[in-house]
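Undergrad: Contents of start-v2.pdb (PDB, C-alpha atoms):
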ATOM      1  CA  MET A   1      -6.907  -7.795 -17.881
ATOM      2  CA  ARG A   2     -10.449  -6.514 -17.344
ATOM      3  CA  ARG A   3     -10.810  -2.737 -17.271
ATOM      4  CA  LEU A   4     -11.795  -1.184 -13.970
ATOM      5  CA  THR A   5     -14.927   0.916 -13.719
ATOM      6  CA  PRO A   6     -14.497   4.647 -12.949
ATOM      7  CA  ALA A   7     -15.588   3.992  -9.359
ATOM      8  CA  ALA A   8     -13.057   1.169  -8.993
ATOM      9  CA  THR A   9     -10.332   3.345 -10.528
ATOM     10  CA  LEU A  10     -11.078   6.058  -7.965
ATOM     11  CA  ALA A  11     -11.003   3.498  -5.154
ATOM     12  CA  THR A  12      -7.647   2.040  -6.206
ATOM     13  CA  THR A  13      -6.185   5.533  -6.580
ATOM     14  CA  LEU A  14      -7.295   6.420  -3.046
ATOM     15  CA  LEU A  15      -5.875   3.135  -1.766
ATOM     16  CA  ALA A  16      -2.539   4.005  -3.373
ATOM     17  CA  ALA A  17      -2.762   7.419  -1.688
ATOM     18  CA  LEU A  18      -3.305   5.696   1.676
ATOM     19  CA  ALA A  19      -0.162   3.640   1.053
ATOM     20  CA  GLY A  20       1.716   6.871   0.350
ATOM     21  CA  VAL A  21       0.471   8.384   3.602
ATOM     22  CA  VAL A  22       1.518   5.353   5.647
ATOM     23  CA  ASP A  23       4.900   5.114   3.934
ATOM     24  CA  ALA A  24       5.612   8.777   4.644
ATOM     25  CA  LEU A  25       4.649   8.407   8.308
ATOM     26  CA  ALA A  26       6.881   5.364   8.712
ATOM     27  CA  PHE A  27       9.759   7.037   6.880
ATOM     28  CA  GLN A  28       9.551  10.120   9.081
ATOM     29  CA  SER A  29       9.166   8.068  12.262
ATOM     30  CA  LEU A  30      12.001   5.628  11.542
ATOM     31  CA  GLY A  31      14.439   7.986   9.823
ATOM     32  CA  GLY A  32      14.661   6.326   6.441
ATOM     33  CA  PHE A  33      12.803   3.007   6.656
ATOM     34  CA  PHE A  34       9.530   2.232   4.908
ATOM     35  CA  ALA A  35       6.162   0.636   5.597
ATOM     36  CA  SER A  36       5.318  -0.204   1.971
ATOM     37  CA  PHE A  37       8.518   0.119  -0.087
ATOM     38  CA  MET A  38      10.096  -3.237   0.648
ATOM     39  CA  SER A  39      12.769  -2.858  -2.044
ATOM     40  CA  GLY A  40      14.130   0.063  -0.037
ATOM     41  CA  ASN A  41      14.023  -1.942   3.178
ATOM     42  CA  SER A  42      15.759  -4.852   1.421
ATOM     43  CA  THR A  43      18.530  -2.468   0.391
ATOM     44  CA  ARG A  44      18.829  -1.209   3.975
ATOM     45  CA  LEU A  45      18.998  -4.834   5.157
ATOM     46  CA  GLY A  46      21.780  -5.659   2.713
ATOM     47  CA  ILE A  47      23.816  -2.600   3.660
ATOM     48  CA  GLY A  48      23.332  -3.377   7.323
ATOM     49  CA  LEU A  49      24.510  -6.947   6.796
ATOM     50  CA  ALA A  50      27.583  -5.712   4.913
ATOM     51  CA  ASP A  51      28.458  -3.574   7.927
ATOM     52  CA  GLY A  52      27.891  -6.463  10.296
ATOM     53  CA  TRP A  53      24.539  -7.218  11.896
ATOM     54  CA  SER A  54      23.446  -3.763  13.020
ATOM     55  CA  GLY A  55      20.400  -2.000  14.364
ATOM     56  CA  ALA A  56      19.557  -0.873  10.830
ATOM     57  CA  ALA A  57      19.637  -4.439   9.558
ATOM     58  CA  ALA A  58      17.423  -5.592  12.419
ATOM     59  CA  THR A  59      14.883  -2.834  11.743
ATOM     60  CA  ALA A  60      14.777  -3.622   8.037
ATOM     61  CA  ALA A  61      14.422  -7.346   8.688
ATOM     62  CA  ALA A  62      11.579  -6.774  11.146
ATOM     63  CA  LEU A  63       9.703  -4.573   8.673
ATOM     64  CA  LEU A  64      10.176  -7.108   5.872
ATOM     65  CA  LEU A  65       8.881  -9.916   8.071
ATOM     66  CA  ALA A  66       5.908  -7.812   9.198
ATOM     67  CA  PHE A  67       5.054  -7.012   5.576
ATOM     68  CA  VAL A  68       5.079 -10.684   4.588
ATOM     69  CA  CYS A  69       3.013 -11.645   7.631
ATOM     70  CA  GLY A  70       0.529  -8.900   6.787
ATOM     71  CA  THR A  71       0.279 -10.198   3.228
ATOM     72  CA  MET A  72      -0.487 -13.656   4.586
ATOM     73  CA  LEU A  73      -3.055 -12.269   7.016
ATOM     74  CA  GLY A  74      -4.816 -10.283   4.292
ATOM     75  CA  THR A  75      -4.881 -13.309   2.002
ATOM     76  CA  ILE A  76      -6.313 -15.540   4.739
ATOM     77  CA  ALA A  77      -8.937 -12.956   5.682
ATOM     78  CA  GLY A  78      -9.924 -12.552   2.031
ATOM     79  CA  ALA A  79     -10.219 -16.299   1.520
ATOM     80  CA  ALA A  80     -12.321 -16.692   4.662
ATOM     81  CA  ALA A  81     -14.636 -13.867   3.611
ATOM     82  CA  THR A  82     -15.012 -15.361   0.133
ATOM     83  CA  GLU A  83     -15.902 -18.761   1.546
ATOM     84  CA  ARG A  84     -18.401 -17.496   4.098
ATOM     85  CA  LEU A  85     -19.825 -14.325   2.563
ATOM     86  CA  GLY A  86     -19.022 -14.482  -1.142
ATOM     87  CA  ALA A  87     -16.310 -13.014  -3.350
ATOM     88  CA  ALA A  88     -17.921  -9.562  -3.366
ATOM     89  CA  ARG A  89     -17.140  -9.160   0.347
ATOM     90  CA  ARG A  90     -13.476 -10.141   0.075
ATOM     91  CA  PRO A  91     -11.990  -6.647  -0.571
ATOM     92  CA  GLU A  92     -14.007  -5.235   2.307
ATOM     93  CA  ALA A  93     -12.712  -7.926   4.676
ATOM     94  CA  VAL A  94      -9.114  -7.276   3.626
ATOM     95  CA  MET A  95      -9.509  -3.555   4.206
ATOM     96  CA  GLY A  96     -10.960  -4.300   7.618
ATOM     97  CA  VAL A  97      -7.677  -6.041   8.466
ATOM     98  CA  VAL A  98      -5.713  -3.061   7.126
ATOM     99  CA  THR A  99      -7.714  -0.659   9.285
ATOM    100  CA  LEU A 100      -7.275  -2.758  12.423
ATOM    101  CA  LEU A 101      -3.524  -2.994  11.873
ATOM    102  CA  LEU A 102      -3.173   0.752  11.340
ATOM    103  CA  ALA A 103      -5.209   1.441  14.478
ATOM    104  CA  CYS A 104      -3.007  -1.029  16.357
ATOM    105  CA  GLY A 105       0.113   0.841  15.251
ATOM    106  CA  ALA A 106      -1.405   4.154  16.297
ATOM    107  CA  ALA A 107      -2.351   2.773  19.711
ATOM    108  CA  LEU A 108       1.061   1.214  20.297
ATOM    109  CA  SER A 109       2.934   4.389  19.337
ATOM    110  CA  GLY A 110       2.336   5.911  22.755
ATOM    111  CA  PHE A 111       3.570   2.917  24.749
ATOM    112  CA  VAL A 112       6.334   1.046  22.917
ATOM    113  CA  PRO A 113       9.510   1.937  21.015
ATOM    114  CA  ILE A 114       8.609   3.533  17.698
ATOM    115  CA  THR A 115      10.122   0.696  15.666
ATOM    116  CA  LEU A 116       7.704  -1.778  17.225
ATOM    117  CA  ALA A 117       4.787   0.595  16.623
ATOM    118  CA  MET A 118       5.667   0.751  12.940
ATOM    119  CA  LEU A 119       5.538  -3.021  12.436
ATOM    120  CA  PRO A 120       1.707  -3.112  12.260
ATOM    121  CA  LEU A 121       1.916  -0.395   9.582
ATOM    122  CA  ALA A 122       4.170  -2.587   7.449
ATOM    123  CA  ALA A 123       1.801  -5.512   8.034
ATOM    124  CA  ALA A 124      -1.122  -3.311   6.975
ATOM    125  CA  MET A 125       0.605  -2.447   3.723
ATOM    126  CA  GLY A 126       1.284  -6.113   3.043
ATOM    127  CA  ALA A 127      -2.379  -6.903   3.637
ATOM    128  CA  GLN A 128      -3.617  -4.012   1.492
ATOM    129  CA  ASN A 129      -2.151  -5.511  -1.665
ATOM    130  CA  GLY A 130      -4.755  -8.257  -1.352
ATOM    131  CA  VAL A 131      -7.664  -5.858  -1.867
ATOM    132  CA  VAL A 132      -7.592  -6.349  -5.647
ATOM    133  CA  ALA A 133      -6.585  -9.992  -5.836
ATOM    134  CA  PRO A 134      -9.162 -12.220  -7.526
ATOM    135  CA  GLY A 135      -8.336 -15.860  -6.997
ATOM    136  CA  GLY A 136      -5.776 -14.906  -4.368
ATOM    137  CA  GLU A 137      -3.316 -13.384  -6.862
ATOM    138  CA  VAL A 138      -2.532  -9.666  -6.675
ATOM    139  CA  ARG A 139      -3.925  -7.882  -9.709
ATOM    140  CA  ILE A 140      -2.858  -4.324  -8.923
ATOM    141  CA  GLY A 141       0.066  -3.401  -6.678
ATOM    142  CA  LEU A 142      -1.419  -0.749  -4.414
ATOM    143  CA  THR A 143       1.564  -0.079  -2.141
ATOM    144  CA  TYR A 144       4.573  -0.178  -4.484
ATOM    145  CA  MET A 145       5.064   1.880  -7.619
ATOM    146  CA  THR A 146       8.064   0.302  -9.361
ATOM    147  CA  GLY A 147       5.902  -2.037 -11.415
ATOM    148  CA  THR A 148       3.519   0.816 -12.186
ATOM    149  CA  LEU A 149       6.363   2.966 -13.536
ATOM    150  CA  VAL A 150       7.664   0.021 -15.579
ATOM    151  CA  ARG A 151       4.234  -0.387 -17.191
ATOM    152  CA  ILE A 152       4.091   3.344 -17.924
ATOM    153  CA  GLY A 153       7.492   3.199 -19.636
ATOM    154  CA  GLN A 154       6.607   0.085 -21.626
ATOM    155  CA  ARG A 155       3.308   1.505 -22.821
ATOM    156  CA  LEU A 156       4.889   4.810 -23.797
ATOM    157  CA  ALA A 157       7.480   2.899 -25.810
ATOM    158  CA  ARG A 158       4.774   0.861 -27.549
ATOM    159  CA  ARG A 159       2.987   4.079 -28.471
ATOM    160  CA  LEU A 160       6.210   5.548 -29.864
ATOM    161  CA  LEU A 161       6.688   2.382 -31.918
ATOM    162  CA  GLY A 162       3.283   2.969 -33.484
ATOM    163  CA  GLU A 163       1.380   0.162 -31.770
ATOM    164  CA  LYS A 164      -2.201   1.360 -31.925
ATOM    165  CA  GLU A 165      -3.526  -1.331 -29.582
ATOM    166  CA  ALA A 166      -1.145  -0.485 -26.753
ATOM    167  CA  PRO A 167      -2.968  -0.223 -23.380
ATOM    168  CA  GLY A 168      -3.620   3.233 -22.023
ATOM    169  CA  LEU A 169      -1.698   4.970 -19.274
ATOM    170  CA  ARG A 170      -4.561   6.469 -17.292
ATOM    171  CA  ARG A 171      -4.835   3.895 -14.513
ATOM    172  CA  GLU A 172      -1.084   3.638 -13.944
ATOM    173  CA  LEU A 173      -0.638   7.402 -13.918
ATOM    174  CA  LEU A 174      -3.489   7.812 -11.445
ATOM    175  CA  LEU A 175      -2.009   5.146  -9.164
ATOM    176  CA  TRP A 176       1.394   6.814  -9.184
ATOM    177  CA  LEU A 177      -0.019  10.307  -8.710
ATOM    178  CA  GLY A 178      -2.258   9.037  -5.913
ATOM    179  CA  PHE A 179       0.701   7.482  -4.117
ATOM    180  CA  VAL A 180       2.825  10.635  -4.425
ATOM    181  CA  ALA A 181      -0.078  12.805  -3.263
ATOM    182  CA  GLY A 182      -0.460  10.497  -0.275
ATOM    183  CA  VAL A 183       3.234  10.846   0.564
ATOM    184  CA  VAL A 184       2.894  14.635   0.507
ATOM    185  CA  ALA A 185      -0.172  14.466   2.760
ATOM    186  CA  GLY A 186       1.516  12.037   5.149
ATOM    187  CA  ALA A 187       4.615  14.197   5.429
ATOM    188  CA  LEU A 188       2.517  17.287   6.142
ATOM    189  CA  TRP A 189       0.395  15.459   8.727
ATOM    190  CA  TRP A 190       3.571  14.264  10.426
ATOM    191  CA  HIS A 191       4.901  17.820  10.699
ATOM    192  CA  TRP A 192       1.555  19.116  11.988
ATOM    193  CA  LEU A 193       0.439  16.245  14.220
ATOM    194  CA  GLY A 194       3.422  13.996  14.927
ATOM    195  CA  LEU A 195       2.477  10.446  15.894
ATOM    196  CA  ALA A 196      -1.172  11.475  16.180
ATOM    197  CA  ALA A 197      -1.170  11.399  12.375
ATOM    198  CA  LEU A 198      -1.257   7.598  12.665
ATOM    199  CA  TRP A 199      -4.843   7.890  13.886
ATOM    200  CA  VAL A 200      -5.690  10.011  10.842
ATOM    201  CA  ALA A 201      -4.319   7.239   8.618
ATOM    202  CA  ALA A 202      -6.420   4.658  10.459
ATOM    203  CA  ALA A 203      -9.526   6.830  10.081
ATOM    204  CA  ALA A 204      -8.820   7.253   6.366
ATOM    205  CA  SER A 205      -8.495   3.477   6.057
ATOM    206  CA  ALA A 206     -11.855   3.007   7.792
ATOM    207  CA  ALA A 207     -13.456   5.400   5.319
ATOM    208  CA  LEU A 208     -11.882   3.523   2.411
ATOM    209  CA  THR A 209     -13.168   0.249   3.842
ATOM    210  CA  MET A 210     -16.711   1.621   3.548
ATOM    211  CA  LEU A 211     -15.992   2.796  -0.004
ATOM    212  CA  VAL A 212     -14.535  -0.551  -1.040
ATOM    213  CA  ALA A 213     -17.651  -2.280   0.301
ATOM    214  CA  ARG A 214     -19.696  -0.410  -2.306
ATOM    215  CA  VAL A 215     -17.401  -0.828  -5.318
ATOM    216  CA  THR A 216     -16.705  -3.873  -7.481
ATOM    217  CA  LEU A 217     -12.932  -4.271  -7.615
ATOM    218  CA  ASP A 218     -12.392  -7.867  -8.846
TER     219      ASP A 218
END
Go through the file and emit its structure as structure tokens.
TA:
Amino acid sequence: MRRLTPAATLATTLLAALAGVVDALAFQSLGGFFASFMSGNSTRLGIGLADGWSGAAATAAALLLAFVCGTMLGTIAGAAATERLGAARRPEAVMGVVTLLLACGAALSGFVPITLAMLPLAAAMGAQNGVVAPGGEVRIGLTYMTGTLVRIGQRLARRLLGEKEAPGLRRELLLWLGFVAGVVAGALWWHWLGLAALWVAAAASAALTMLVARVTLD
């Protein structure tokens, strides 16, 4: 896997932080459901099904479906941008979709039940994983940290076993720390601003879209 430049490493870390912000806002809004952590939502779905089809199961299922649809939308947008504008514009196009979805969720939050307003956030997180996806395949998971923590553990073990050529930990640690920092920021914004914090997340996404347009990620 090709090493990322320092600028690209910073961009991916900030994208992971954005995912943390959005996940925290969804978690606080929905009382224990997620916008990016689909393993958690899958667990909530399974528990809800075990109890009989419940409101919790329906919420989890809707978020899972929104995430998958967002992933499809981001992939389609990236492919269209690559075909018409060139591969260098693909990440920027995907982030444009992410920003629009986050703004949609923020706008809906004042008019519809909160669960419905959170669905565009889950779709945005699905789309965001396509930012670093050369050839249409995700290269770096920007909205989920389980794989990142697995790689950290594996690489630490390889170092302990004396493998001198083991890959470094810097990128994975920065991704994880960025995500956690984003969760902290999102939780604080929620306490200070309530649902208005969704607009802050959309503005942050717009700023990251401009950054991504100037950085080589693939």
Undergrad: At a cut-off of 10 Å, using all atoms listed in the file, what residues contact segment 178-184 of chain A? Leave out same-chain residues fewer than 2 positions from it and give the result as a PyMOL selection string.
TA: chain A and resi 10+12-25+27+142-145+172-176+186-190
Undergrad: Just how far from atom CA of Ser42 of chain A is atom CA of Ala203 of chain A, in Å to one decimal?
TA: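 Spanning atom CA of Ala203 of chain A to atom CA of Ser42 of chain A is a straight-line distance of 29.2 Å.
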Undergrad: What is the distance, in Å and to one decimal place, between atom CA of Lys164 of chain A and atom CA of Leu4 of chain A?
TA: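 Between these atoms lies a distance of 20.5 Å.
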Undergrad: Which distance in Å separates atom CA of Leu217 of chain A and atom CA of Ala35 of chain A, to one decimal?
TA: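 So the two atoms, atom CA of Leu217 of chain A and atom CA of Ala35 of chain A, lie 23.7 Å apart.
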Undergrad: Step by step, gather every atom of segment 203-211 of chain A that the file lists, find the box along x, y and z that holds them, add 4 Å on each side, and finally give centre and edge lengths in Å to one decimal, as lines of an AutoDock Vina configuration file.
TA:
center_x = -12.6
center_y = 3.8
center_z = 5.0
size_x = 16.2
size_y = 15.0
size_z = 18.1
Undergrad: Evaluate the PyMOL selection byres ((chain A and resi 210) around 12) against this structure - the residues, as a list in words, please.
TA: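 Residues picked by the PyMOL selection byres ((chain A and resi 210) around 12): Ala11, Arg89, Pro91, Glu92, Ala93, Val94, Met95, Gly96, Thr99, Ala203, Ala204, Ser205, Ala206, Ala207, Leu208, Thr209, Leu211, Val212, Ala213, Arg214 and Val215 of chain A.
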Undergrad: For Ile152 of chain A, which residue out of A:Leu193, A:Leu169, A:Met118, A:Ala87 is the nearest one, using all atoms listed in the file?
TA: A:Leu169
Undergrad: Spell out the residues picked by the PyMOL selection byres ((chain A and resi 66) around 8) here, as a PyMOL selection string.
TA: chain A and resi 62-65+67-70+119-120+122-123+126
Undergrad: Just checking: using all atoms listed in the file, which residue out of A:Ser109, A:Thr82, A:Thr115, A:Thr216 ends up closest to Gly31 of chain A?
TA: A:Thr115
Undergrad: Enumerate, as a PyMOL selection string, the protein, DNA and RNA residues whose atoms approach (3.0, 9.4, 18.4) to within 8 Å, taking into account all atoms listed in the file and the coordinate frame of the file.
TA: chain A and resi 106+109-110+194-198
Undergrad: Atoms are missing here; could segment 91-102 of chain A be completed with N, CA, C and O atoms and written as an mmCIF file, in the coordinates of the input?
TA:
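As a result, out16.cif now contains:
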data_model
loop_
_atom_site.group_PDB
_atom_site.id
_atom_site.type_symbol
_atom_site.label_atom_id
_atom_site.label_comp_id
_atom_site.auth_asym_id
_atom_site.auth_seq_id
_atom_site.Cartn_x
_atom_site.Cartn_y
_atom_site.Cartn_z
ATOM 1 N N PRO A 91 -12.781 -7.884 -0.725
ATOM 2 C CA PRO A 91 -11.990 -6.647 -0.571
ATOM 3 C C PRO A 91 -12.315 -5.897 0.721
ATOM 4 O O PRO A 91 -11.421 -5.354 1.382
ATOM 5 N N GLU A 92 -13.581 -5.906 1.083
ATOM 6 C CA GLU A 92 -14.007 -5.235 2.307
ATOM 7 C C GLU A 92 -13.371 -5.883 3.536
ATOM 8 O O GLU A 92 -12.924 -5.193 4.465
ATOM 9 N N ALA A 93 -13.317 -7.220 3.549
ATOM 10 C CA ALA A 93 -12.712 -7.926 4.676
ATOM 11 C C ALA A 93 -11.222 -7.620 4.771
ATOM 12 O O ALA A 93 -10.678 -7.426 5.872
ATOM 13 N N VAL A 94 -10.548 -7.577 3.624
ATOM 14 C CA VAL A 94 -9.114 -7.276 3.626
ATOM 15 C C VAL A 94 -8.871 -5.867 4.155
ATOM 16 O O VAL A 94 -7.965 -5.637 4.973
ATOM 17 N N MET A 95 -9.685 -4.922 3.724
ATOM 18 C CA MET A 95 -9.509 -3.555 4.206
ATOM 19 C C MET A 95 -9.829 -3.433 5.687
ATOM 20 O O MET A 95 -9.271 -2.583 6.393
ATOM 21 N N GLY A 96 -10.714 -4.281 6.188
ATOM 22 C CA GLY A 96 -10.960 -4.300 7.618
ATOM 23 C C GLY A 96 -9.698 -4.681 8.390
ATOM 24 O O GLY A 96 -9.382 -4.093 9.428
ATOM 25 N N VAL A 97 -8.948 -5.645 7.858
ATOM 26 C CA VAL A 97 -7.677 -6.041 8.466
ATOM 27 C C VAL A 97 -6.690 -4.880 8.414
ATOM 28 O O VAL A 97 -5.994 -4.595 9.399
ATOM 29 N N VAL A 98 -6.617 -4.205 7.277
ATOM 30 C CA VAL A 98 -5.713 -3.061 7.126
ATOM 31 C C VAL A 98 -6.030 -1.994 8.174
ATOM 32 O O VAL A 98 -5.130 -1.467 8.849
ATOM 33 N N THR A 99 -7.305 -1.689 8.333
ATOM 34 C CA THR A 99 -7.714 -0.659 9.285
ATOM 35 C C THR A 99 -7.358 -1.047 10.714
ATOM 36 O O THR A 99 -6.843 -0.228 11.494
ATOM 37 N N LEU A 100 -7.605 -2.291 11.077
ATOM 38 C CA LEU A 100 -7.275 -2.758 12.423
ATOM 39 C C LEU A 100 -5.772 -2.683 12.687
ATOM 40 O O LEU A 100 -5.342 -2.283 13.779
ATOM 41 N N LEU A 101 -4.975 -3.046 11.699
ATOM 42 C CA LEU A 101 -3.524 -2.994 11.873
ATOM 43 C C LEU A 101 -3.028 -1.561 12.021
ATOM 44 O O LEU A 101 -2.150 -1.274 12.851
ATOM 45 N N LEU A 102 -3.579 -0.650 11.224
ATOM 46 C CA LEU A 102 -3.173 0.752 11.340
ATOM 47 C C LEU A 102 -3.575 1.325 12.695
ATOM 48 O O LEU A 102 -2.810 2.078 13.322
#
